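Trainee: Take a look at the following structure, please.
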Amino acid sequence: MDINGKENKKTILVVDDSEMNRSILADMLGDEYEILEAANGLEGIAEIQKHEDEIALVLLDIVMPEMDGFEVLSVMNKGGWIGYIPVIMISAETSSSHVNQAYDLGVTDYISRPFDGKVVRRRVNNTIMLYTKQKMLQGMITEQILEKEKSSTLMVEILSNIVEFRNGESGLHVLHVRTITEMLLKNLAEKTDQYNLNHTHIAMIGLASALHDIGKISIDEKILNKPGRLTDEEFAIMKTHAAIGGDMLMNVGHRRDEELVKVAYEICRWHHERYDGRGYPDGLKGDEIPISAQVVALADVYDALTSQRVYKPAFSHEKAVEMIMNGECGTFNPRILECLQDVKEDLQKELEQKSIKDTTRNEVQSITAELIERGDVAASDRTLKLLEQERIKYQFFASMSKEIQFEYNAATDMVMLSEWGADYLGIDELVMHPFEEEKSLSIMDREMMEEIKNAVRGTSYVNPIFSGMYCLHVKGEDRWHRLDVRAMWEGTEDDIYYTGAIGKFVNIDESYRRMNSLEQKAAHDTLTGLYNHMNARKKIEAFLEERLDDTYSLILFDLDHFKNANDQYGHLFGDNVLKYVAKKLKDNLRKDDIMARVGGDEFMVFLEHNGNYEAQVRRVFQVVTGQYENFQIGVSMGVALAPKNGTDYESLFHAADQALYASKRGGRNQYKFYDGTMEGTLSVLSPVDGEE
Amino acid sequence: MNIEEFYTSIDPSGDEYKNVMSRLGTERLVSKYLNKMLDDKSFSNLKQAVASGDYKEAFMASHTIKGICMNLNLKPLAKSSGELTEELRDNPDAGRVEELMIQVEKDYRFVTDGIRSIG
């Protein structure tokens, strides 16, 4: 029972196909709980997906259309929800096999109809209390574990993981800084006892070093990950991370007195001070700077130098040491520089061995995962509120963007669409088994789906994005869309697995079609609809390049006495003659043959042949010659053969041109194949040939 | 007729009236749900599905009626629709379905006529 009034009412999801049953349950429970309703299993899952962090309990019917209660339970199992959302089955089914199956699938309780208001209320209250208590207990235990020394290591690393994630640094930075710090300190301890460095102290500084950049959490991501140089103003903001990190540690309440927190404070606040007093935030000088911060500062610089960053390549170990020793990267305590000289060989070896597979790191990851799975420590109320805000933001932008946004969950094999997207496609927001589902197959066929699926699965952890153009069948119309999708990979280097994908389809139909028709127009001669010279050339070059082994003929011809046709019957008539010739070509040649109008009355044809080129050329000749109204069409034709006369476009065109000229000189209305003796004659296409 | 009289017309012992009041709490709620039953499409769905031989759909509708009647303590209709539901669940026999349907229809009419006459 809640004493804080309506705001803090817990939420119950009622999934039942009977409106009356939902209504009865809502009446029974509405005083104490917020009620969400779903009319079938599919809607139920959609609600769970949307409100997973708010729903305190699910009341679930068994027999329902679309997706029954058992299927809902199995989806909840796959999605991991069953672990933290208790489910009470309510059904008129009383056979023991049903009841057992329900318990096997993880339901907490089973209420059979007819249900009694008091019984329902009591069981719901008990279940929710039980879960809350369990969560609290888990929380307390976790808290206790985290008190222990080992777990503070984990906690520190978890926190620094978060920082690194935000910085876009490799996971190794923290590990490296720590290793370097410890090695330098050990060496320093051998040299002097000025700093009271014993084994415990060194280990503590090493551990705390992981937190050196924790203040960066508060720096705007745009500045943090800016690829180029920071402006003065941005750099000033960036610099605040040191003081902020210190403040964060000062605010940890009663733990402030702990040694670890004190050391971490020194490191956070002062790891950008310089030995010569020109650092920030306090301008401390010499040994005013705690030794912990001095050493971490050097370790940080070394690792930054030897790592690749967006703004610089990685320097070699030798180069990095040299730069530090020469004072190119700040001024350091000479004693620590001595230490660096002493350990530099060992350092390089040690760092090479430290890899992501390091045991502590694995431990961190598994514990982080565990915390997240339990949803108690990781998901504090504040986090949940933030997530909720994110969700609202996301929904808002999704609704404005007119994009089909989607999220695919591989474990449960289901797709969630944005509200707008589902509406646009005319399907539900939630689609189970989208690769089998009829409705989704009506939008894109199986082949397209497989192609996209394979492309997404074929991406990598480093390069998870895939894009493409797809024609979707939307409400009876084919529309072109651009797909951008990002595969979600999880895990560490050795064990990466695919968890799903997020992405969007954007309607680009209009611009795509416009572009296509422009391309079409640009590639074709407007009068005849054949290719223009430039595009014919491109196509031919592509053929020659891709299929070297095939044999081709390149035919060039022009119409004899075409000028007469124009003069005698007018230009319109002339155009009609050209159209007629083009049509004859189109009607009589194969679709794959390349036909082009390359000049006023000059045409080019490019054909594949299998040896019998003579007959083929004769046929083309016969096709284009003949009578058009009162005009007798005769052509002069020259032919070059590939690969015999050349293997590239230039030489083939030149040879055909020579042969065409030879035909003209030979009295027109004929065709000739190129041979070497024609070489050196004038070209038809040269300006000298102005006879017609 | 008032609600108590309506329940007595179904169950002369008066037990069902006591039960439904104890479960749902007030006459206002009982009357609200009884009236909802008049708007519920399950019965017409059931008739249609049985007539067209769509036993899967018929099962769903019959199951819903049974659930509603159990919630409202409408024993006879709960019983007859329950029997029909079981027949429809696996390999239904067309003749048997027809037979059970007659009883369901009779009980349904009796209940809905009764609800309409509640003042």
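By order of appearance in the structure tokens: chains A, B, ..., then residues from 1 within every chain, and ligands from 1 in the order shown.
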If we count only C-alpha atoms, which residues of chain B reach to within 7 Å of chain A? Please list them as a ChimeraX atom specification.

Mentor: /B:23-24,64,67-68,70-71

Trainee: Find the spatial neighbours of A:Gly426, counting only C-alpha atoms, within a cut-off of 12 Å - ignore same-chain residues fewer than 4 positions away - and output them as a PDB file with N, CA and C atoms, in the first residue's frame.

Mentor:
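In the end it all went to result-v8.pdb:
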ATOM      1  N   ILE A 404      10.748   4.944 -41.103  1.00  0.00           N
ATOM      2  CA  ILE A 404      10.341   3.674 -40.516  1.00  0.00           C
ATOM      3  C   ILE A 404      11.496   3.228 -39.649  1.00  0.00           C
ATOM      4  N   LEU A 417       8.510  -1.628 -34.420  1.00  0.00           N
ATOM      5  CA  LEU A 417       8.561  -0.500 -35.355  1.00  0.00           C
ATOM      6  C   LEU A 417       8.173   0.769 -34.628  1.00  0.00           C
ATOM      7  N   SER A 418       8.658   1.907 -35.114  1.00  0.00           N
ATOM      8  CA  SER A 418       8.190   3.167 -34.562  1.00  0.00           C
ATOM      9  C   SER A 418       6.712   3.298 -34.922  1.00  0.00           C
ATOM     10  N   GLU A 419       6.003   4.077 -34.099  1.00  0.00           N
ATOM     11  CA  GLU A 419       4.571   4.224 -34.305  1.00  0.00           C
ATOM     12  C   GLU A 419       4.288   4.695 -35.733  1.00  0.00           C
ATOM     13  N   TRP A 420       5.033   5.709 -36.146  1.00  0.00           N
ATOM     14  CA  TRP A 420       4.809   6.265 -37.476  1.00  0.00           C
ATOM     15  C   TRP A 420       5.081   5.217 -38.542  1.00  0.00           C
ATOM     16  N   GLY A 421       6.186   4.475 -38.347  1.00  0.00           N
ATOM     17  CA  GLY A 421       6.592   3.475 -39.320  1.00  0.00           C
ATOM     18  C   GLY A 421       5.533   2.388 -39.484  1.00  0.00           C
ATOM     19  N   ALA A 422       4.992   1.922 -38.356  1.00  0.00           N
ATOM     20  CA  ALA A 422       3.991   0.863 -38.400  1.00  0.00           C
ATOM     21  C   ALA A 422       2.743   1.370 -39.131  1.00  0.00           C
ATOM     22  N   LEU A 430       4.570  -4.267 -33.381  1.00  0.00           N
ATOM     23  CA  LEU A 430       5.387  -5.392 -32.961  1.00  0.00           C
ATOM     24  C   LEU A 430       5.141  -6.564 -33.900  1.00  0.00           C
ATOM     25  N   VAL A 431       6.210  -7.078 -34.486  1.00  0.00           N
ATOM     26  CA  VAL A 431       6.043  -8.231 -35.366  1.00  0.00           C
ATOM     27  C   VAL A 431       6.921  -9.365 -34.847  1.00  0.00           C
ATOM     28  N   LYS A 439       2.668 -10.806 -43.081  1.00  0.00           N
ATOM     29  CA  LYS A 439       2.523  -9.357 -43.276  1.00  0.00           C
ATOM     30  C   LYS A 439       3.842  -8.700 -43.651  1.00  0.00           C
ATOM     31  N   SER A 440       4.924  -9.120 -42.982  1.00  0.00           N
ATOM     32  CA  SER A 440       6.189  -8.493 -43.336  1.00  0.00           C
ATOM     33  C   SER A 440       6.673  -8.980 -44.697  1.00  0.00           C
ATOM     34  N   SER A 442       4.785  -9.460 -47.147  1.00  0.00           N
ATOM     35  CA  SER A 442       4.060  -8.753 -48.192  1.00  0.00           C
ATOM     36  C   SER A 442       4.730  -7.411 -48.491  1.00  0.00           C
ATOM     37  N   ILE A 443       5.580  -6.945 -47.562  1.00  0.00           N
ATOM     38  CA  ILE A 443       6.264  -5.667 -47.774  1.00  0.00           C
ATOM     39  C   ILE A 443       7.584  -5.864 -48.495  1.00  0.00           C
ATOM     40  N   HIS A 473       7.070  -2.828 -50.809  1.00  0.00           N
ATOM     41  CA  HIS A 473       5.696  -2.855 -51.286  1.00  0.00           C
ATOM     42  C   HIS A 473       4.810  -2.301 -50.169  1.00  0.00           C
ATOM     43  N   VAL A 474       4.455  -1.034 -50.273  1.00  0.00           N
ATOM     44  CA  VAL A 474       3.724  -0.378 -49.192  1.00  0.00           C
ATOM     45  C   VAL A 474       2.292  -0.100 -49.610  1.00  0.00           C
ATOM     46  N   LYS A 475       1.365  -0.698 -48.908  1.00  0.00           N
ATOM     47  CA  LYS A 475      -0.057  -0.500 -49.182  1.00  0.00           C
ATOM     48  C   LYS A 475      -0.354  -0.539 -50.676  1.00  0.00           C
ATOM     49  N   GLY A 476       0.118  -1.590 -51.326  1.00  0.00           N
ATOM     50  CA  GLY A 476      -0.213  -1.788 -52.727  1.00  0.00           C
ATOM     51  C   GLY A 476       0.656  -1.025 -53.715  1.00  0.00           C
TER      52      GLY A 476
END

Trainee: List the spatial neighbours of B:Leu34 as a list in words - criterion: any atom at most 12 Å away, only C-alpha atoms, same-chain residues fewer than 5 positions off excluded.

Mentor: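 Skipping anything fewer than 5 positions along the chain leaves Met20 and Ile24 of chain A; Ile3, Phe6, Tyr7, Val20, Leu24, Glu27, Arg28, Leu29, Asp39, Asp40, Ile68, Cys69, Asn71, Leu72, Asn73, Leu74, Val111, Thr112, Asp113, Gly114, Ile115, Arg116, Ser117 and Ile118 of chain B.
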
Trainee: Would you return as a list in words the members of stretch 314-350 of chain A that DSSP assigns to helix (DSSP H, G or I) on this structure's backbone?

Mentor: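 Put together, the selection reads His317, Glu318, Lys319, Ala320, Val321, Glu322, Met323, Ile324, Met325, Pro334, Arg335, Ile336, Leu337, Glu338, Cys339, Leu340, Gln341, Asp342, Val343, Lys344, Glu345, Asp346, Leu347, Gln348, Lys349 and Glu350 of chain A.
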
Trainee: Find the residues around B:Val50 up to 12 Å (only C-alpha atoms counted), leave out those fewer than 3 positions away in its own chain, and share them as number ranges by chain.

Mentor: B: 42-47, 53-62, 84-85, 88, 92-102, 105

Trainee: Would you list the contacts of stretch 579-596 of chain A as an MDAnalysis selection string, taking every protein, DNA or RNA residue within 7 Å and counting only C-alpha atoms, but skipping same-chain residues closer than 3 positions in sequence?

Mentor: chainID A and resid 527:528 530:533 536 575:576 603:607 623:624

Trainee: Considering only C-alpha atoms, state which residue in the set A:Ile12, A:Glu34, A:Leu175, A:Arg22 is at the smallest distance from B:Tyr33.

Mentor: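 Once distances to B:Tyr33 are computed over only C-alpha atoms, the minimum belongs to A:Arg22.
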